>>> print(open('structure_20.csv').read())   # CSV, C-alpha atoms
chain,number,residue,atom,x,y,z
A,1,MET,CA,10.7,-10.5,-9.8
A,2,ILE,CA,14.3,-9.5,-9.1
A,3,ILE,CA,15.6,-9.4,-5.5
A,4,VAL,CA,18.3,-6.9,-4.8
A,5,CYS,CA,20.1,-6.2,-1.6
A,6,GLN,CA,20.8,-2.5,-1.3
A,7,LYS,CA,23.0,-0.6,1.2
A,8,PRO,CA,20.8,2.5,1.2
A,9,LEU,CA,18.1,0.5,2.9
A,10,LYS,CA,20.4,-0.1,5.8
A,11,LYS,CA,19.9,3.5,6.8
A,12,LEU,CA,16.1,3.3,6.7
A,13,LYS,CA,13.8,1.6,9.1
A,14,ILE,CA,12.4,-0.9,6.5
A,15,ASN,CA,13.4,-4.4,5.8
A,16,GLY,CA,12.2,-4.4,2.2
A,17,ILE,CA,10.4,-2.5,-0.5
A,18,ALA,CA,8.8,-3.5,-3.7
A,19,LEU,CA,9.3,-1.2,-6.7
A,20,PHE,CA,8.1,-3.0,-9.7
A,21,PRO,CA,9.8,-5.3,-10.9
A,22,PHE,CA,12.3,-5.2,-8.1
A,23,ILE,CA,12.2,-6.2,-4.4
A,24,PHE,CA,14.9,-4.3,-2.5
A,25,ILE,CA,15.9,-5.9,0.8
A,26,ARG,CA,18.2,-4.6,3.6
A,27,LYS,CA,20.1,-7.7,4.5
A,28,PRO,CA,21.4,-10.5,2.2
A,29,GLU,CA,20.0,-13.1,4.5
A,30,ASP,CA,16.5,-11.7,4.0
A,31,LYS,CA,16.5,-13.4,0.6
A,32,GLU,CA,15.6,-16.6,2.6
A,33,ASN,CA,12.9,-14.8,4.7
A,34,ASN,CA,9.8,-16.3,3.0
A,35,ILE,CA,7.4,-14.1,4.9
A,36,LEU,CA,9.2,-10.9,3.9
A,37,ILE,CA,9.5,-12.0,0.3
A,38,ASN,CA,5.8,-13.0,0.2
A,39,HIS,CA,4.8,-9.6,1.7
A,40,GLU,CA,6.7,-7.8,-1.1
A,41,LYS,CA,5.4,-10.2,-3.8
A,42,ILE,CA,1.9,-9.3,-2.7
A,43,HIS,CA,2.8,-5.6,-3.3
A,44,LEU,CA,4.2,-6.5,-6.8
A,45,ARG,CA,0.8,-8.1,-7.6
A,46,GLN,CA,-1.0,-5.1,-6.3
A,47,GLN,CA,1.1,-2.9,-8.4
A,48,LEU,CA,0.3,-4.9,-11.5
A,49,GLU,CA,-3.4,-4.9,-10.7
A,50,MET,CA,-3.4,-1.1,-10.6
A,51,LEU,CA,-1.1,-0.6,-13.6
A,52,ILE,CA,1.9,0.2,-11.4
A,53,ILE,CA,1.6,4.1,-11.4
A,54,PHE,CA,-1.8,4.1,-9.9
A,55,PHE,CA,-0.6,1.9,-7.1
A,56,TYR,CA,2.0,4.5,-6.1
A,57,ILE,CA,-0.5,7.4,-6.4
A,58,PHE,CA,-3.1,5.7,-4.2
A,59,TYR,CA,-0.5,4.5,-1.8
A,60,VAL,CA,0.8,8.1,-1.2
A,61,ILE,CA,-2.7,9.5,-1.1
A,62,GLU,CA,-3.8,6.9,1.5
A,63,TYR,CA,-0.7,7.3,3.6
A,64,TYR,CA,-1.2,11.1,3.9
A,65,TYR,CA,-4.9,10.7,4.5
A,66,TRP,CA,-4.2,8.4,7.5
A,67,PHE,CA,-1.2,10.5,8.6
A,68,PHE,CA,-3.2,13.7,8.9
A,69,LYS,CA,-6.1,11.8,10.5
A,70,LEU,CA,-4.0,9.8,13.0
A,71,LYS,CA,-0.9,12.1,13.4
A,72,ASP,CA,1.4,9.0,13.5
A,73,GLY,CA,3.5,7.9,10.6
A,74,TYR,CA,3.7,4.2,11.6
A,75,LEU,CA,0.0,3.9,12.2
A,76,ALA,CA,-0.7,5.7,8.9
A,77,TYR,CA,1.5,3.1,7.2
A,78,ARG,CA,-0.3,0.2,8.8
A,79,ARG,CA,-3.7,1.6,7.8
A,80,ILE,CA,-2.9,1.7,4.1
A,81,SER,CA,-5.2,-0.8,2.4
A,82,PHE,CA,-2.3,-2.3,0.4
A,83,GLU,CA,-0.3,-2.9,3.6
A,84,ARG,CA,-3.3,-4.4,5.4
A,85,GLU,CA,-3.7,-6.9,2.6
A,86,ALA,CA,0.0,-7.7,2.5
A,87,TYR,CA,0.3,-8.1,6.3
A,88,THR,CA,-2.9,-10.1,6.5
A,89,ASN,CA,-1.6,-12.6,3.9
A,90,GLU,CA,2.2,-12.6,4.3
A,91,HIS,CA,2.2,-15.8,6.3
A,92,ASN,CA,0.0,-17.5,3.7
A,93,LEU,CA,2.6,-18.6,1.2
A,94,THR,CA,-0.1,-19.9,-1.1
A,95,TYR,CA,-2.1,-16.6,-1.2
A,96,LEU,CA,-0.7,-15.5,-4.5
A,97,LYS,CA,-1.2,-18.9,-6.0
A,98,LYS,CA,-4.9,-19.0,-4.8
A,99,GLU,CA,-5.4,-15.5,-6.3
A,100,ASN,CA,-4.1,-16.7,-9.6
A,101,SER,CA,-5.6,-20.2,-9.8
A,102,GLY,CA,-8.2,-19.4,-12.4
A,103,THR,CA,-11.2,-21.1,-10.8
A,104,SER,CA,-14.4,-19.2,-11.2
A,105,GLY,CA,-15.0,-19.1,-7.5
A,106,ASN,CA,-11.6,-17.4,-6.9
A,107,ILE,CA,-12.2,-15.0,-9.8
A,108,CYS,CA,-15.6,-14.0,-8.3
A,109,ARG,CA,-14.0,-13.5,-4.9
A,110,LYS,CA,-11.2,-11.5,-6.4
A,111,ILE,CA,-13.6,-9.3,-8.3
A,112,GLU,CA,-15.6,-8.7,-5.1
A,113,ARG,CA,-12.4,-7.9,-3.2
A,114,LEU,CA,-11.3,-5.5,-5.9
A,115,LYS,CA,-14.7,-3.8,-5.9
A,116,ILE,CA,-14.5,-3.3,-2.2
A,117,GLU,CA,-10.9,-2.1,-2.3
A,118,ARG,CA,-11.6,0.3,-5.2
A,119,PHE,CA,-14.7,1.6,-3.4
A,120,CYS,CA,-12.6,2.2,-0.3
A,121,ARG,CA,-10.0,4.0,-2.3
A,122,TYR,CA,-12.7,6.0,-4.1
A,123,ARG,CA,-14.1,6.9,-0.6
A,124,THR,CA,-10.6,7.9,0.5
A,125,ILE,CA,-10.3,10.3,-2.5
A,126,ILE,CA,-13.7,11.8,-1.7
A,127,LEU,CA,-12.7,12.2,1.9
A,128,LEU,CA,-9.4,13.9,0.9
A,129,ILE,CA,-11.4,16.3,-1.4
A,130,ASN,CA,-13.8,17.1,1.5
A,131,ILE,CA,-10.9,17.7,3.9
A,132,ARG,CA,-9.2,20.0,1.4
A,133,THR,CA,-12.5,21.8,0.8
A,134,SER,CA,-13.1,22.2,4.6
A,135,ILE,CA,-9.5,23.4,5.2
A,136,SER,CA,-9.9,25.9,2.3
A,137,THR,CA,-13.2,27.1,3.7
A,138,SER,CA,-12.0,27.4,7.2
A,139,ILE,CA,-8.9,29.3,6.1
A,140,GLY,CA,-11.1,31.6,3.9
A,141,ALA,CA,-13.6,32.1,6.7
A,142,GLY,CA,-10.9,33.0,9.3
A,143,PHE,CA,-9.2,35.4,6.9
A,144,SER,CA,-10.2,39.0,7.1
A,145,PRO,CA,-8.3,41.7,5.3
A,146,ALA,CA,-6.6,44.4,7.3
A,147,LYS,CA,-8.8,47.5,7.7
>>> encode(input="structure_20.csv", output="structure tokens")
Amino acid sequence: MIIVCQKPLKKLKINGIALFPFIFIRKPEDKENNILINHEKIHLRQQLEMLIIFFYIFYVIEYYYWFFKLKDGYLAYRRISFEREAYTNEHNLTYLKKENSGTSGNICRKIERLKIERFCRYRTIILLINIRTSISTSIGAGFSPAK
């Protein structure tokens, strides 16, 4: 993990962003913000679990799914499963250690959690396909060539 303070983030509404293997933060003093750093470390772990590129693909798909459903960018962002996990556990500074402890109980819980998350992501993809199909169908049904 490499923490970098970037001036371009000062123009955005975000305090930090994790782009493997970096954590970009807006203000230098945020290097000491354990909650923000933990939140971004959780995203780094998620990225590794999903082989990095698939994390970004699912993140964008989920964001747009929720954006079109809720019509609100911030609410869509907060509904992304990756963000829900990070926000739920950002105050728990031992969360990543527990996830990586290697005990069989933790491994079983992690496998169950990943099954549920992957099922939810799979369901999201199916919903997106259904939405696309229904939009295509409704556009096709509403289209009548000029006579």
>>> atom_distance(input="structure_20.csv", atom1="atom CA of A:Ile57", atom2="atom CA of A:Lys69")
18.3 Å
>>> residues_around(input="structure_20.csv", residues="A:Ala86", least_positions_apart="2", cutoff="10 Å", atoms="all atoms listed in the file", output="list in words")
Leu36, Asn38, His39, Glu40, Lys41, Ile42, His43, Gln46, Ile80, Ser81, Phe82, Glu83, Arg84, Thr88, Asn89, Glu90, His91, Asn92 and Tyr95 of chain A
>>> residues_around(input="structure_20.csv", residues="A:Asn15", least_positions_apart="6", cutoff="10 Å", atoms="all atoms listed in the file", output="mmCIF file with C-alpha atoms, in the coordinates of the input")
data_model
loop_
_atom_site.group_PDB
_atom_site.id
_atom_site.type_symbol
_atom_site.label_atom_id
_atom_site.label_comp_id
_atom_site.auth_asym_id
_atom_site.auth_seq_id
_atom_site.Cartn_x
_atom_site.Cartn_y
_atom_site.Cartn_z
ATOM 1 C CA LEU A 9 18.100 0.500 2.900
ATOM 2 C CA PHE A 24 14.900 -4.300 -2.500
ATOM 3 C CA ILE A 25 15.900 -5.900 0.800
ATOM 4 C CA ARG A 26 18.200 -4.600 3.600
ATOM 5 C CA LYS A 27 20.100 -7.700 4.500
ATOM 6 C CA ASP A 30 16.500 -11.700 4.000
ATOM 7 C CA LEU A 36 9.200 -10.900 3.900
#
>>> atom_distance(input="structure_20.csv", atom1="atom CA of A:Pro28", atom2="atom CA of A:Leu75")
27.7 Å
>>> atom_distance(input="structure_20.csv", atom1="atom CA of A:Ile37", atom2="atom CA of A:Asp72")
26.1 Å
>>> residues_around(input="structure_20.csv", residues="A:Phe55", least_positions_apart="5", cutoff="10 Å", atoms="all atoms listed in the file", output="PyMOL selection string")
chain A and resi 43-44+46-50+60-61+82
>>> closest_residue(input="structure_20.csv", among="A:Asn33, A:Arg45, A:Leu93, A:Tyr77", to="A:Ala18", atoms="only C-alpha atoms")
A:Arg45
>>> closest_residue(input="structure_20.csv", among="A:Pro21, A:Asn34, A:Glu29, A:Phe54", to="A:Thr94", atoms="only C-alpha atoms")
A:Asn34
>>> residues_near_point(input="structure_20.csv", point="(15.5, -9.2, -8.0)", cutoff="9 Å", atoms="only C-alpha atoms", output="PDB file with C-alpha atoms, in the coordinates of the input")
ATOM      1  CA  MET A   1      10.700 -10.500  -9.800  1.00  0.00           C
ATOM      2  CA  ILE A   2      14.300  -9.500  -9.100  1.00  0.00           C
ATOM      3  CA  ILE A   3      15.600  -9.400  -5.500  1.00  0.00           C
ATOM      4  CA  VAL A   4      18.300  -6.900  -4.800  1.00  0.00           C
ATOM      5  CA  CYS A   5      20.100  -6.200  -1.600  1.00  0.00           C
ATOM      6  CA  PRO A  21       9.800  -5.300 -10.900  1.00  0.00           C
ATOM      7  CA  PHE A  22      12.300  -5.200  -8.100  1.00  0.00           C
ATOM      8  CA  ILE A  23      12.200  -6.200  -4.400  1.00  0.00           C
ATOM      9  CA  PHE A  24      14.900  -4.300  -2.500  1.00  0.00           C
TER      10      PHE A  24
END
>>> axis_aligned_box(input="structure_20.csv", around="stretch 62-73 of chain A", padding_each_side="5 Å", output="lines of an AutoDock Vina configuration file")
center_x = -1.3
center_y = 10.3
center_z = 7.5
size_x = 19.6
size_y = 16.8
size_z = 22.0
>>> residues_around(input="structure_20.csv", residues="stretch 62-67 of chain A", least_positions_apart="4", cutoff="7 Å", atoms="all atoms listed in the file", output="PyMOL selection string")
chain A and resi 58+71-73+76-77+79-80+124+128
>>> closest_residue(input="structure_20.csv", among="A:Leu96, A:Lys13, A:Phe20, A:Ile35", to="A:Leu51", atoms="only C-alpha atoms")
A:Phe20
>>> build_atoms(input="structure_20.csv", residues="stretch 50-72 of chain A", atoms="N, CA, C and O atoms", output="PDB file, in the coordinates of the input")
ATOM      1  N   MET A  50      -2.995  -2.557 -10.457  1.00  0.00           N
ATOM      2  CA  MET A  50      -3.400  -1.100 -10.600  1.00  0.00           C
ATOM      3  C   MET A  50      -2.489  -0.411 -11.613  1.00  0.00           C
ATOM      4  O   MET A  50      -2.329   0.812 -11.550  1.00  0.00           O
ATOM      5  N   LEU A  51      -1.935  -1.180 -12.535  1.00  0.00           N
ATOM      6  CA  LEU A  51      -1.100  -0.600 -13.600  1.00  0.00           C
ATOM      7  C   LEU A  51       0.059   0.200 -13.115  1.00  0.00           C
ATOM      8  O   LEU A  51       0.416   1.222 -13.676  1.00  0.00           O
ATOM      9  N   ILE A  52       0.649  -0.235 -12.073  1.00  0.00           N
ATOM     10  CA  ILE A  52       1.900   0.200 -11.400  1.00  0.00           C
ATOM     11  C   ILE A  52       1.760   1.692 -10.942  1.00  0.00           C
ATOM     12  O   ILE A  52       1.786   1.939  -9.747  1.00  0.00           O
ATOM     13  N   ILE A  53       1.622   2.650 -11.832  1.00  0.00           N
ATOM     14  CA  ILE A  53       1.600   4.100 -11.400  1.00  0.00           C
ATOM     15  C   ILE A  53       0.491   4.402 -10.497  1.00  0.00           C
ATOM     16  O   ILE A  53       0.658   5.162  -9.541  1.00  0.00           O
ATOM     17  N   PHE A  54      -0.688   3.832 -10.746  1.00  0.00           N
ATOM     18  CA  PHE A  54      -1.800   4.100  -9.900  1.00  0.00           C
ATOM     19  C   PHE A  54      -1.660   3.562  -8.498  1.00  0.00           C
ATOM     20  O   PHE A  54      -2.173   4.119  -7.532  1.00  0.00           O
ATOM     21  N   PHE A  55      -0.922   2.468  -8.387  1.00  0.00           N
ATOM     22  CA  PHE A  55      -0.600   1.900  -7.100  1.00  0.00           C
ATOM     23  C   PHE A  55       0.135   2.963  -6.240  1.00  0.00           C
ATOM     24  O   PHE A  55      -0.224   3.245  -5.104  1.00  0.00           O
ATOM     25  N   TYR A  56       1.170   3.542  -6.820  1.00  0.00           N
ATOM     26  CA  TYR A  56       2.000   4.500  -6.100  1.00  0.00           C
ATOM     27  C   TYR A  56       1.156   5.775  -5.754  1.00  0.00           C
ATOM     28  O   TYR A  56       1.282   6.325  -4.660  1.00  0.00           O
ATOM     29  N   ILE A  57       0.324   6.216  -6.683  1.00  0.00           N
ATOM     30  CA  ILE A  57      -0.500   7.400  -6.400  1.00  0.00           C
ATOM     31  C   ILE A  57      -1.448   7.139  -5.261  1.00  0.00           C
ATOM     32  O   ILE A  57      -1.508   7.927  -4.309  1.00  0.00           O
ATOM     33  N   PHE A  58      -2.172   6.011  -5.312  1.00  0.00           N
ATOM     34  CA  PHE A  58      -3.100   5.700  -4.200  1.00  0.00           C
ATOM     35  C   PHE A  58      -2.391   5.417  -2.929  1.00  0.00           C
ATOM     36  O   PHE A  58      -2.893   5.762  -1.854  1.00  0.00           O
ATOM     37  N   TYR A  59      -1.220   4.808  -2.998  1.00  0.00           N
ATOM     38  CA  TYR A  59      -0.500   4.500  -1.800  1.00  0.00           C
ATOM     39  C   TYR A  59      -0.114   5.819  -1.064  1.00  0.00           C
ATOM     40  O   TYR A  59      -0.326   5.948   0.145  1.00  0.00           O
ATOM     41  N   VAL A  60       0.399   6.777  -1.800  1.00  0.00           N
ATOM     42  CA  VAL A  60       0.800   8.100  -1.200  1.00  0.00           C
ATOM     43  C   VAL A  60      -0.444   8.820  -0.695  1.00  0.00           C
ATOM     44  O   VAL A  60      -0.436   9.364   0.425  1.00  0.00           O
ATOM     45  N   ILE A  61      -1.518   8.831  -1.476  1.00  0.00           N
ATOM     46  CA  ILE A  61      -2.700   9.500  -1.100  1.00  0.00           C
ATOM     47  C   ILE A  61      -3.272   8.902   0.239  1.00  0.00           C
ATOM     48  O   ILE A  61      -3.601   9.614   1.196  1.00  0.00           O
ATOM     49  N   GLU A  62      -3.332   7.568   0.266  1.00  0.00           N
ATOM     50  CA  GLU A  62      -3.800   6.900   1.500  1.00  0.00           C
ATOM     51  C   GLU A  62      -2.948   7.144   2.668  1.00  0.00           C
ATOM     52  O   GLU A  62      -3.430   7.368   3.769  1.00  0.00           O
ATOM     53  N   TYR A  63      -1.636   7.111   2.436  1.00  0.00           N
ATOM     54  CA  TYR A  63      -0.700   7.300   3.600  1.00  0.00           C
ATOM     55  C   TYR A  63      -0.969   8.725   4.153  1.00  0.00           C
ATOM     56  O   TYR A  63      -1.108   8.854   5.372  1.00  0.00           O
ATOM     57  N   TYR A  64      -1.026   9.756   3.327  1.00  0.00           N
ATOM     58  CA  TYR A  64      -1.200  11.100   3.900  1.00  0.00           C
ATOM     59  C   TYR A  64      -2.597  11.300   4.474  1.00  0.00           C
ATOM     60  O   TYR A  64      -2.741  12.026   5.458  1.00  0.00           O
ATOM     61  N   TYR A  65      -3.597  10.653   3.909  1.00  0.00           N
ATOM     62  CA  TYR A  65      -4.900  10.700   4.500  1.00  0.00           C
ATOM     63  C   TYR A  65      -4.847  10.204   5.959  1.00  0.00           C
ATOM     64  O   TYR A  65      -5.295  10.868   6.894  1.00  0.00           O
ATOM     65  N   TRP A  66      -4.288   9.002   6.119  1.00  0.00           N
ATOM     66  CA  TRP A  66      -4.200   8.400   7.500  1.00  0.00           C
ATOM     67  C   TRP A  66      -3.241   9.185   8.348  1.00  0.00           C
ATOM     68  O   TRP A  66      -3.462   9.319   9.549  1.00  0.00           O
ATOM     69  N   PHE A  67      -2.160   9.705   7.778  1.00  0.00           N
ATOM     70  CA  PHE A  67      -1.200  10.500   8.600  1.00  0.00           C
ATOM     71  C   PHE A  67      -1.850  11.708   9.174  1.00  0.00           C
ATOM     72  O   PHE A  67      -1.696  11.986  10.362  1.00  0.00           O
ATOM     73  N   PHE A  68      -2.598  12.442   8.358  1.00  0.00           N
ATOM     74  CA  PHE A  68      -3.200  13.700   8.900  1.00  0.00           C
ATOM     75  C   PHE A  68      -4.363  13.316   9.848  1.00  0.00           C
ATOM     76  O   PHE A  68      -4.626  14.073  10.775  1.00  0.00           O
ATOM     77  N   LYS A  69      -4.991  12.173   9.640  1.00  0.00           N
ATOM     78  CA  LYS A  69      -6.100  11.800  10.500  1.00  0.00           C
ATOM     79  C   LYS A  69      -5.527  11.244  11.870  1.00  0.00           C
ATOM     80  O   LYS A  69      -6.059  11.570  12.934  1.00  0.00           O
ATOM     81  N   LEU A  70      -4.470  10.436  11.822  1.00  0.00           N
ATOM     82  CA  LEU A  70      -4.000   9.800  13.000  1.00  0.00           C
ATOM     83  C   LEU A  70      -2.762  10.477  13.663  1.00  0.00           C
ATOM     84  O   LEU A  70      -2.412  10.178  14.801  1.00  0.00           O
ATOM     85  N   LYS A  71      -2.101  11.341  12.924  1.00  0.00           N
ATOM     86  CA  LYS A  71      -0.900  12.100  13.400  1.00  0.00           C
ATOM     87  C   LYS A  71       0.218  11.154  13.839  1.00  0.00           C
ATOM     88  O   LYS A  71       0.969  11.447  14.750  1.00  0.00           O
ATOM     89  N   ASP A  72       0.333  10.001  13.163  1.00  0.00           N
ATOM     90  CA  ASP A  72       1.400   9.000  13.500  1.00  0.00           C
ATOM     91  C   ASP A  72       1.769   8.306  12.202  1.00  0.00           C
ATOM     92  O   ASP A  72       0.935   7.646  11.584  1.00  0.00           O
TER      93      ASP A  72
END
